[in-house]
Amino acid sequence: MAAATLWLSRMSAADKIGQMTQLDISMVLADGCPLRIDDAKLRRQLRVHRLGSLLNSPFSGTEPRCGSSGWNATDWRAAVEHIQTAAADEGLPPLIYGIDSVHGASYCRGATLLPQQLGLAASFDESLAAASGWITGKDSRAAATPWMFAPILGVASHPLWPRVYETFGEDPLLVARMGAAVVEGMQRRGGEGEIPARAAACMKHFVAYSAPRNGHDREGAWLSRRELEQTYLPPFQAAVDAGVQSAMESYQEVNGEPVVGSAALLQGLLRERMGFEGLLVTDWHEVGNLHDFHRAASSPEEAVLLAIGG
């Protein structure tokens with residue numbers, strides 16, 4: 001806490017705003033092969049946007065790149081060390097690196113791949129869920145990518161939804177217990193001398209993303225208050241109670257209101273009533289989607305104001 005307070009005292013308003021900016025790693029990669037960080041691109045982005053975080057893998061598509069299917073832990077560490085050195089040179093605190101890690105550190109070549117969440121839930125074994133979280137956290141820390149976009153805490157409720165396999169199933173109690181166990185495993189402290197010593201889970205997607213009205217991905221959810229409270233909130237509350245350090249809001253609308261711009265859901269419910277005090281991140285491009293997809297903002301600038309206000 002003292003270190004954070006010291007950083008805040010040194011930062012300008014632009015620096016603090018920049019901490020809310022997250023870029024895809026593709027924006028700082030060099031052209032051609034081998035895949036590597038372009039120092040000039042990276043420093044320009046740091047200087048202009050005062051970045052707070054980066055995300056994703058250079059290999060997030062379906063095809064190999066430059067004759068490889070991914071970076072191993074050593075490759076990742078070298079890339080992240082380059083990023084952190086440049087950030088320090090620009091007078092910025094260390095960037096947070098986030099990446100999808102739903103069934104192991106799957107973007108790190110050589111890491112342990114684990115079952116999808118639905119398969120893990122079929123064990124009904126919370127100790128296995130905690131162990132899977134620990135393995136994911138350990139492998140992520142080894143790759144210096146300690147912010148894991150997992151676990152998924154949606155309660156599967158529509159058989160046509162194409163992401164059912166990513167959930168812990170249809171029972172809110174099972175989803176809550178397995179999810180909390182994964183969070184605890186992911187965030188367990190590493191061994192003495194390990195850097196980073198801790199990793200952060202990110203519960204997602206808040207809230208009711210798994211309840212699309214017609215089964216299509218990103219379709220809105222239309223729910224009674226009782227259904228929201230009894231079915232979709234308990235897993236997230238369990239994760240909050242387990243000390244989850246970050247959360248991701250969801251792509252869709254709930255009862256006609258985009259979650260990303262909802263003060264009622266993100267402030268009144270998640271922060272004030274449920275007691276979540278961690279970092280909140282949007283899903284992919286959701287601030288821009290307030291203008292481009294949801295049509296709730298008349299301009300990209302208004303979208304930013306709506307998201308911040310929400």
# chains A, B, ... in the order shown; residues from 1 in each chain; ligands from 1
>>> select_by_dssp(residues="region 74-293 of chain A", states="strand (DSSP E or B)", output="CSV table (one decimal) with N, CA, C and O atoms, in the first residue's frame")
chain,number,residue,atom,x,y,z
A,96,ILE,N,0.6,-4.2,-15.8
A,96,ILE,CA,0.0,-5.5,-15.5
A,96,ILE,C,-0.2,-6.2,-16.8
A,96,ILE,O,-0.7,-5.6,-17.8
A,97,TYR,N,0.2,-7.5,-16.9
A,97,TYR,CA,0.0,-8.3,-18.1
A,97,TYR,C,-1.1,-9.3,-17.9
A,97,TYR,O,-1.0,-10.2,-17.0
A,98,GLY,N,-2.2,-9.2,-18.7
A,98,GLY,CA,-3.4,-10.1,-18.5
A,98,GLY,C,-3.5,-11.0,-19.7
A,98,GLY,O,-3.3,-10.6,-20.8
A,99,ILE,N,-4.0,-12.2,-19.4
A,99,ILE,CA,-4.2,-13.2,-20.5
A,99,ILE,C,-5.3,-14.2,-20.1
A,99,ILE,O,-5.4,-14.6,-18.9
A,100,ASP,N,-6.0,-14.7,-21.1
A,100,ASP,CA,-7.0,-15.8,-20.8
A,100,ASP,C,-6.3,-17.0,-20.3
A,100,ASP,O,-5.4,-17.5,-21.0
A,102,VAL,N,-8.2,-20.0,-18.8
A,102,VAL,CA,-9.4,-20.6,-18.3
A,102,VAL,C,-9.1,-22.1,-18.0
A,102,VAL,O,-9.7,-22.7,-17.1
A,104,GLY,N,-5.9,-23.7,-17.6
A,104,GLY,CA,-4.4,-23.7,-17.5
A,104,GLY,C,-3.8,-22.5,-18.2
A,104,GLY,O,-4.6,-21.7,-18.9
A,108,CYS,N,0.9,-20.4,-22.9
A,108,CYS,CA,2.4,-20.6,-22.6
A,108,CYS,C,2.7,-22.0,-23.1
A,108,CYS,O,2.3,-22.9,-22.5
A,109,ARG,N,3.5,-22.1,-24.1
A,109,ARG,CA,3.9,-23.4,-24.6
A,109,ARG,C,4.7,-24.1,-23.6
A,109,ARG,O,5.6,-23.6,-23.0
A,147,TRP,N,-1.7,-12.0,-14.3
A,147,TRP,CA,-3.1,-11.6,-14.3
A,147,TRP,C,-3.9,-12.5,-15.2
A,147,TRP,O,-3.7,-12.5,-16.4
A,148,MET,N,-4.7,-13.4,-14.6
A,148,MET,CA,-5.4,-14.5,-15.3
A,148,MET,C,-6.9,-14.1,-15.5
A,148,MET,O,-7.6,-14.0,-14.5
A,149,PHE,N,-7.3,-14.1,-16.7
A,149,PHE,CA,-8.7,-13.8,-17.0
A,149,PHE,C,-9.5,-15.1,-16.8
A,149,PHE,O,-10.0,-15.7,-17.7
A,152,ILE,N,-14.4,-18.4,-15.1
A,152,ILE,CA,-15.7,-18.0,-15.7
A,152,ILE,C,-16.8,-18.5,-14.7
A,152,ILE,O,-16.9,-19.6,-14.4
A,200,ALA,N,-3.1,-13.0,-9.8
A,200,ALA,CA,-4.4,-12.5,-9.6
A,200,ALA,C,-5.4,-13.1,-10.5
A,200,ALA,O,-5.3,-13.2,-11.7
A,201,ALA,N,-6.5,-13.7,-9.9
A,201,ALA,CA,-7.6,-14.2,-10.7
A,201,ALA,C,-8.5,-13.1,-11.1
A,201,ALA,O,-8.5,-12.0,-10.5
A,202,CYS,N,-9.3,-13.3,-12.1
A,202,CYS,CA,-10.3,-12.3,-12.6
A,202,CYS,C,-11.6,-13.0,-12.9
A,202,CYS,O,-11.7,-13.7,-13.9
A,203,MET,N,-12.5,-12.9,-12.0
A,203,MET,CA,-13.8,-13.5,-12.2
A,203,MET,C,-14.6,-12.8,-13.3
A,203,MET,O,-14.5,-11.6,-13.5
A,204,LYS,N,-15.2,-13.7,-14.1
A,204,LYS,CA,-15.9,-13.1,-15.3
A,204,LYS,C,-17.1,-14.1,-15.7
A,204,LYS,O,-17.1,-15.2,-15.2
A,205,HIS,N,-18.1,-13.6,-16.4
A,205,HIS,CA,-18.3,-12.2,-16.9
A,205,HIS,C,-19.4,-11.6,-16.2
A,205,HIS,O,-20.5,-12.2,-16.3
A,206,PHE,N,-19.2,-10.6,-15.4
A,206,PHE,CA,-20.3,-10.0,-14.5
A,206,PHE,C,-21.2,-9.2,-15.3
A,206,PHE,O,-20.8,-8.2,-15.9
A,221,ALA,N,-29.7,-10.3,-21.8
A,221,ALA,CA,-30.4,-11.1,-20.9
A,221,ALA,C,-31.6,-10.3,-20.3
A,221,ALA,O,-31.4,-9.1,-20.1
A,246,SER,N,-9.6,-9.3,-9.0
A,246,SER,CA,-10.1,-8.5,-10.2
A,246,SER,C,-11.4,-9.1,-10.7
A,246,SER,O,-11.7,-10.3,-10.5
A,247,ALA,N,-12.1,-8.4,-11.5
A,247,ALA,CA,-13.3,-8.8,-12.2
A,247,ALA,C,-13.4,-8.2,-13.6
A,247,ALA,O,-12.9,-7.1,-13.8
A,248,MET,N,-14.1,-8.9,-14.4
A,248,MET,CA,-14.4,-8.5,-15.8
A,248,MET,C,-15.9,-8.4,-16.0
A,248,MET,O,-16.6,-9.4,-15.7
A,249,GLU,N,-16.3,-7.3,-16.5
A,249,GLU,CA,-17.8,-7.1,-16.8
A,249,GLU,C,-18.1,-7.8,-18.1
A,249,GLU,O,-17.1,-8.3,-18.8
A,253,GLU,N,-26.2,-6.8,-22.6
A,253,GLU,CA,-27.1,-6.0,-21.8
A,253,GLU,C,-27.9,-6.8,-20.9
A,253,GLU,O,-28.2,-8.0,-21.2
A,254,VAL,N,-28.2,-6.2,-19.7
A,254,VAL,CA,-29.2,-6.9,-18.8
A,254,VAL,C,-30.4,-6.0,-18.7
A,254,VAL,O,-30.3,-4.8,-18.3
A,257,GLU,N,-30.0,-2.7,-20.5
A,257,GLU,CA,-28.9,-1.7,-20.2
A,257,GLU,C,-27.5,-2.4,-20.3
A,257,GLU,O,-27.3,-3.5,-19.7
A,258,PRO,N,-26.6,-1.8,-21.1
A,258,PRO,CA,-25.3,-2.4,-21.3
A,258,PRO,C,-24.6,-2.5,-19.9
A,258,PRO,O,-24.6,-1.5,-19.2
A,279,LEU,N,-9.8,-4.7,-8.8
A,279,LEU,CA,-9.7,-4.0,-10.1
A,279,LEU,C,-10.8,-4.5,-11.0
A,279,LEU,O,-11.1,-5.7,-11.1
A,280,LEU,N,-11.5,-3.6,-11.7
A,280,LEU,CA,-12.6,-4.0,-12.6
A,280,LEU,C,-12.1,-3.6,-14.0
A,280,LEU,O,-11.7,-2.5,-14.3
A,281,VAL,N,-12.2,-4.6,-14.9
A,281,VAL,CA,-11.8,-4.4,-16.3
A,281,VAL,C,-13.0,-4.7,-17.2
A,281,VAL,O,-13.8,-5.6,-16.9
>>> residues_around(residues="Ala176 (chain A)", least_positions_apart="5", cutoff="9 Å", atoms="only C-alpha atoms", output="VMD selection string")
chain A and resid 153 168 171 181 234 to 239
>>> select_by_dssp(residues="region 1-41 of chain A", states="helix (DSSP H, G or I)", output="PDB file with C-alpha atoms, in the first residue's frame")
ATOM      1  CA  ALA A   2       2.839   2.391   0.811  1.00  0.00           C
ATOM      2  CA  ALA A   3       4.415   1.751  -2.596  1.00  0.00           C
ATOM      3  CA  ALA A   4       1.097   2.429  -4.346  1.00  0.00           C
ATOM      4  CA  THR A   5       0.627   5.661  -2.393  1.00  0.00           C
ATOM      5  CA  LEU A   6       4.132   6.770  -3.358  1.00  0.00           C
ATOM      6  CA  TRP A   7       3.473   6.064  -7.033  1.00  0.00           C
ATOM      7  CA  LEU A   8       0.206   8.010  -6.935  1.00  0.00           C
ATOM      8  CA  SER A   9       1.944  11.003  -5.411  1.00  0.00           C
ATOM      9  CA  ARG A  10       4.372  11.079  -8.362  1.00  0.00           C
ATOM     10  CA  ALA A  13      -3.456  13.333 -14.169  1.00  0.00           C
ATOM     11  CA  ALA A  14      -2.429  11.960 -17.593  1.00  0.00           C
ATOM     12  CA  ASP A  15      -0.508   9.145 -15.899  1.00  0.00           C
ATOM     13  CA  LYS A  16      -3.539   8.199 -13.805  1.00  0.00           C
ATOM     14  CA  ILE A  17      -5.853   8.246 -16.809  1.00  0.00           C
ATOM     15  CA  GLY A  18      -3.343   6.134 -18.695  1.00  0.00           C
ATOM     16  CA  ILE A  25       0.347  -6.900 -27.521  1.00  0.00           C
ATOM     17  CA  SER A  26       0.027  -6.840 -31.329  1.00  0.00           C
ATOM     18  CA  MET A  27       0.316  -3.045 -31.136  1.00  0.00           C
ATOM     19  CA  VAL A  28       3.897  -3.242 -29.852  1.00  0.00           C
ATOM     20  CA  ASP A  39      11.154  -1.158 -28.688  1.00  0.00           C
ATOM     21  CA  ALA A  40      10.287   1.997 -30.633  1.00  0.00           C
ATOM     22  CA  LYS A  41       6.586   1.076 -30.892  1.00  0.00           C
TER      23      LYS A  41
END
>>> closest_residue(among="A:Arg177, A:Arg65, A:Arg213, A:His285", to="Glu126 (chain A)", atoms="only C-alpha atoms")
A:Arg177
>>> closest_residue(among="A:Ala111, A:Val182, A:Ala211, A:Leu270", to="His158 (chain A)", atoms="only C-alpha atoms")
A:Ala211
>>> atom_distance(atom1="CA of Ser157 (chain A)", atom2="CA of Thr282 (chain A)")
22.8 Å
>>> atom_distance(atom1="CA of Tyr107 (chain A)", atom2="CA of Ser57 (chain A)")
6.6 Å
>>> atom_distance(atom1="CA of Arg198 (chain A)", atom2="CA of Pro115 (chain A)")
22.9 Å
>>> residues_around(residues="Ala296 (chain A)", least_positions_apart="4", cutoff="9 Å", atoms="only C-alpha atoms", output="number ranges by chain")
A: 257-258, 261, 289-292, 303, 306
>>> residues_around(residues="Ala79 (chain A)", least_positions_apart="4", cutoff="9 Å", atoms="only C-alpha atoms", output="PyMOL selection string")
chain A and resi 36-37+74-75+83-84
